[in-house]
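Read through the structure below, which is laid out as C-alpha cells, and then see the notes.
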Amino acid sequence: EFPHHQTLTRDPYTIATSPDGKRSVILSQQDRQVEGFKVKHGTDAPWRLENPCKAVICEMHIRDFTKSPTSGVPENLRGTFLGAAQTGTTNQFDQATAFDYIKELGCNYVQLQPIFDRHKEYDEDGNVTYNWGYDPQNYNAPEPSFSSNPDDPGQVIRDLKTMIQAYHDAGIGVIMDVVYNHTFSTVDAPFQTTVPDYYYRMNPDGTFQNGTGVGNETASEHEMYRKYMIDSLLYWVKEYNIDGFRFDLMGIHDVKTMQAIRWALDEVDPRIITYGEGWDMGIGLAPYDKAKKDNAYQMPNIGFFNDDQRDAIKGGEVYGSIKAGFVSGAATEPIVAKAILGSRELGSYLSPNQVLNYVEAHDNYNLHDLLVTLHPDYSSDKIMRQVETATAMSVLMQGMSFIELGQEFGRTKLLATGENGELTPADRERAMNSYNAPDSVNQVNWDLINERQESIEFIRQIIRLKTQTRAFSYPTYEEVYRHVFVHTAAENSGWIVYEIHGAAEHLLVVFNAKGTSFYFENAGNLEMLVSNSRSQESNVIDDISVAVLKVLS
C-alpha cells in the first residue's frame, strides 16, 4: 500500500500573495477596486493602435524608473507603481522626469519588465534587493515590492490599476513582460507540488530539461499548461486592462500555444500587441514546433525581436568579443537596406508587424556603453552622435519599434568601482548583465537629461515621424515595396539613401556613417525636416548623422 501524505501548496492561480509571495491571499472584489479605474477594449480603448507598425515601445523597469533621487519622486514612492505615475516631477534643473518625460518623448507604449510576483532576496535590513524579476513565483499576482504598502496584499493591486489608468489617460498603452518559460524553483512552485512532473519538460531519467539555462523549462505543449498560459494572459487583460505582452524566451514555447494565445486575445481585442524573443533554445520540441524567429510564417500577428537589424546598425557583444555595426563603420549596408524594407528578406515574416526593431534593451550593454567600449578615444559628443544615429535608424525601419528608457540620452550602466575611477572588468561584466546589480547601476539618472537636450529633442522628432506619418509604418509588404525605394546602400560606402513616395508624403532619408560629410547635389528641391547634423550648411550633413528631407514637387 502507498503511504498517505499531504503537500501544502499555493494555488497556481493565486491573484494576491503575502509580501514574500510564499502564501496565497484571498481578497474580496472590494479589496481589488480603485476609484477611476475602468477596463476598456475595442473602440473604448483609443490608446491601442490600429496599426502596430506605428508602435514605439519604451522598455522600463518600475524600480529603475524612479528609484534615483534625481527622479524628483517623493522618497516613499520611489521604485513603486505609484511612483511611475507621479505627475509634476522634475530633476534639479527643473526638467520633467519619469511619467511626464515619457509623455513628452512621444512613445505610445511602455513595456514593463516583470511586474508579476517573483522570487525575492533581502539585504541585512530586510529590504528587497534589486532584481529584474525573471524569477517567476506567482504569475497572476503583482509584485508586492512595487506597492506603496507591501504588507497589505490588496494595495499592490490597487496601485497597479491606478498606474495603468494614468498611462491610458495619457494615451499610452501598457505592455507586460511575461516569463512563462520557467519558474524560479521547482521544489516550491505550485505546478510541481500540485501535479509532479507534468508542467515541465522532463528527461527520461526524471531530471528537468533546461533549455532556458536557469534550471527548468515549462511544457507549453501539455494541454493544462497551455490552458494555464491562456487563462493567465486573459486575466491580466480583463482584470488590469493590459494592452500587450512581450514573451521572454518565446522560442521555448510551441507554435500551437502561441497561435492559441493570439486567437484568445483576438476575441477580446485584436489590437492587443504580442511579440517575444524568438531565439532557438532547448531540445524538448521539434524544430518546426518552436515559437522561434525562423517559424514566424506560422505565427501571424506575433512579433519577433529583430537581432539581424540590431547587429547591423550598432554591432554587439558576441561570445565575449565586441563587434562593430554601421554607425561604427562596419560594412553592413546591405543588411540595413533589407531592414529599411521591413526585413522580409532577413526572415520568414508574413507582415511588417512581426518585426520588432531595436538597438538597445535591458539585456547586454546599453547602446551608449557598447559604443564607448568600441571607441574609447571618442568624445562624449561624438558617442552621442552615434547613439542618436543608431536610435533614429532603428525607429525609422518598417515594422514595430522598441527603445529602452534613457537610450536616447545615453543612459549608462558603466559605474566605475576601481581605483581613481577606473572601470574594472567586473564593472563591465555587470553593465552587460545588470539583473541583480545595485540601484546605483540600474537606476535612471534624470540629471543626465540636462546635458543631452539636443539628443532628446532629435529623437522626439524622429518618434513623431514614426507615430504621426504613414511613411515609416506600412502595414503590408506590398505597400512597403510600392512606396519605399533604396537608392544606394553599397557595401563599405558608409552611407544609405532611400526614398519614400507615399500618398501624403514624399521623403528622402540619408543615413551617414562615412566619417566625412555628405553633400546633396540637387538641394534646391529638398527641405530639411529632421536631422541631427550639426552642419550649418543647407546642402550638407556631417559625418555621423541621419537626415529626413521633404522632396518638393
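Residues in the C-alpha cells are named by chain (A, B, ... in the order shown) and by number from 1 within that chain; ligands are numbered from 1 in the order shown.
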Contacts of Thr183 (chain A) at 7 Å (only C-alpha atoms; same-chain gap of 2+ positions) as a list in words: Asp135, Pro136, Gln137, Ser185, Thr186 and Ala189 of chain A
Prev. selection, N, CA and C atoms, output as a compact mmCIF listing (two decimals), in the first residue's frame:
# COMPACT_ATOMS: atom_id res chain seq x y z
N ASP A 135 12.31 35.70 -12.35
CA ASP A 135 12.30 34.54 -11.44
C ASP A 135 10.87 34.29 -11.01
N PRO A 136 10.02 33.77 -11.91
CA PRO A 136 8.58 33.74 -11.63
C PRO A 136 8.24 32.89 -10.41
N GLN A 137 7.31 33.45 -9.61
CA GLN A 137 6.82 32.73 -8.43
C GLN A 137 5.30 32.56 -8.53
N SER A 185 11.73 28.21 -8.93
CA SER A 185 12.01 26.97 -8.21
C SER A 185 11.13 25.87 -8.76
N THR A 186 11.58 24.64 -8.66
CA THR A 186 10.68 23.52 -8.99
C THR A 186 10.16 22.89 -7.71
N ALA A 189 7.43 25.54 -6.45
CA ALA A 189 6.44 26.07 -7.39
C ALA A 189 5.15 25.27 -7.28
Non-local contacts of region 514-520 of chain A (9 Å; only C-alpha atoms; under 4 positions in same chain excluded) as JSON, numbers by chain: {"A": [327, 328, 329, 492, 493, 494, 495, 510, 526, 535, 538, 539, 540, 541, 542, 543, 544]}
If you keep C-alpha atoms, can you produce a file of those selected residues as an mmCIF file, in the first residue's frame?
data_model
loop_
_atom_site.group_PDB
_atom_site.id
_atom_site.type_symbol
_atom_site.label_atom_id
_atom_site.label_comp_id
_atom_site.auth_asym_id
_atom_site.auth_seq_id
_atom_site.Cartn_x
_atom_site.Cartn_y
_atom_site.Cartn_z
ATOM 1 C CA VAL A 327 27.400 53.544 -37.070
ATOM 2 C CA SER A 328 30.944 52.405 -36.252
ATOM 3 C CA GLY A 329 31.940 51.968 -39.886
ATOM 4 C CA ASN A 492 31.548 49.762 -47.387
ATOM 5 C CA SER A 493 30.283 53.097 -48.749
ATOM 6 C CA GLY A 494 29.294 54.373 -45.298
ATOM 7 C CA TRP A 495 26.009 55.810 -46.420
ATOM 8 C CA VAL A 510 20.004 59.642 -45.569
ATOM 9 C CA LEU A 526 14.731 69.381 -50.823
ATOM 10 C CA SER A 535 26.425 71.386 -40.027
ATOM 11 C CA SER A 538 21.723 73.555 -46.045
ATOM 12 C CA ASN A 539 23.072 71.015 -48.538
ATOM 13 C CA VAL A 540 25.442 69.148 -46.186
ATOM 14 C CA ILE A 541 25.037 66.659 -43.359
ATOM 15 C CA ASP A 542 28.105 65.837 -41.346
ATOM 16 C CA ASP A 543 29.996 62.658 -40.591
ATOM 17 C CA ILE A 544 27.686 60.579 -38.353
#
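Omitting Arg32 (chain A) and its sequence neighbours fewer than 2 positions away, and counting only C-alpha atoms, the residues within 8 Å are Leu27, Ser28, Gln29, Gln30, Val34, Gly154, Gln155, Ile157 and Arg158 of chain A.
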Go ahead and save the residues from that selection, with C-alpha atoms, as a PDB file, in the first residue's frame.
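What ended up in out-v1.pdb:
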ATOM      1  CA  LEU A  27      -9.288  39.123  -1.415  1.00  0.00           C
ATOM      2  CA  SER A  28     -12.806  40.447  -1.855  1.00  0.00           C
ATOM      3  CA  GLN A  29     -13.850  42.229  -5.040  1.00  0.00           C
ATOM      4  CA  GLN A  30     -13.870  45.444  -2.993  1.00  0.00           C
ATOM      5  CA  VAL A  34      -9.775  51.527  -7.090  1.00  0.00           C
ATOM      6  CA  GLY A 154      -4.719  44.418  -1.813  1.00  0.00           C
ATOM      7  CA  GLN A 155      -2.697  47.619  -2.026  1.00  0.00           C
ATOM      8  CA  ILE A 157      -3.372  45.528  -6.948  1.00  0.00           C
ATOM      9  CA  ARG A 158      -4.933  48.939  -6.406  1.00  0.00           C
TER      10      ARG A 158
END
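Distance annotation: of A:Ile272, A:Val56, A:Leu414, A:Met528, the residue with the minimal separation from Leu356 (chain A) is A:Val56; atom set is only C-alpha atoms.
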Distance criterion (only C-alpha atoms): nearest to Pro438 (chain A) out of A:Arg470, A:Lys256, A:Lys413, A:His506: A:Lys413
Every residue of region 23-117 of chain A that DSSP places in helix (DSSP H, G or I), as a count of residues only: 32
Proximity of region 380-431 of chain A to region 335-353 of chain A: per-residue shortest pair, 6 Å limit, only C-alpha atoms, as CSV:
residue,atom,partner,partner_atom,distance
A:Met397,CA,A:Ile340,CA,4.7
A:Gln398,CA,A:Gly342,CA,4.5
A:Gly399,CA,A:Pro352,CA,4.6
A:Met400,CA,A:Asn353,CA,6.0
Save the residues we just selected, C-alpha atoms, as a compact mmCIF listing (two decimals), in the first residue's frame?
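Dumped to result19.txt:
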# COMPACT_ATOMS: atom_id res chain seq x y z
CA MET A 397 12.74 50.98 -40.15
CA GLN A 398 9.49 49.45 -41.42
CA GLY A 399 7.98 47.31 -38.62
CA MET A 400 7.38 47.98 -34.94
Nearest candidate to Leu549 (chain A) (options A:Arg534, A:Gly21, A:Val395, A:His501; using only C-alpha atoms):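 The shortest atom-to-atom distance to Leu549 (chain A) comes from A:His501.
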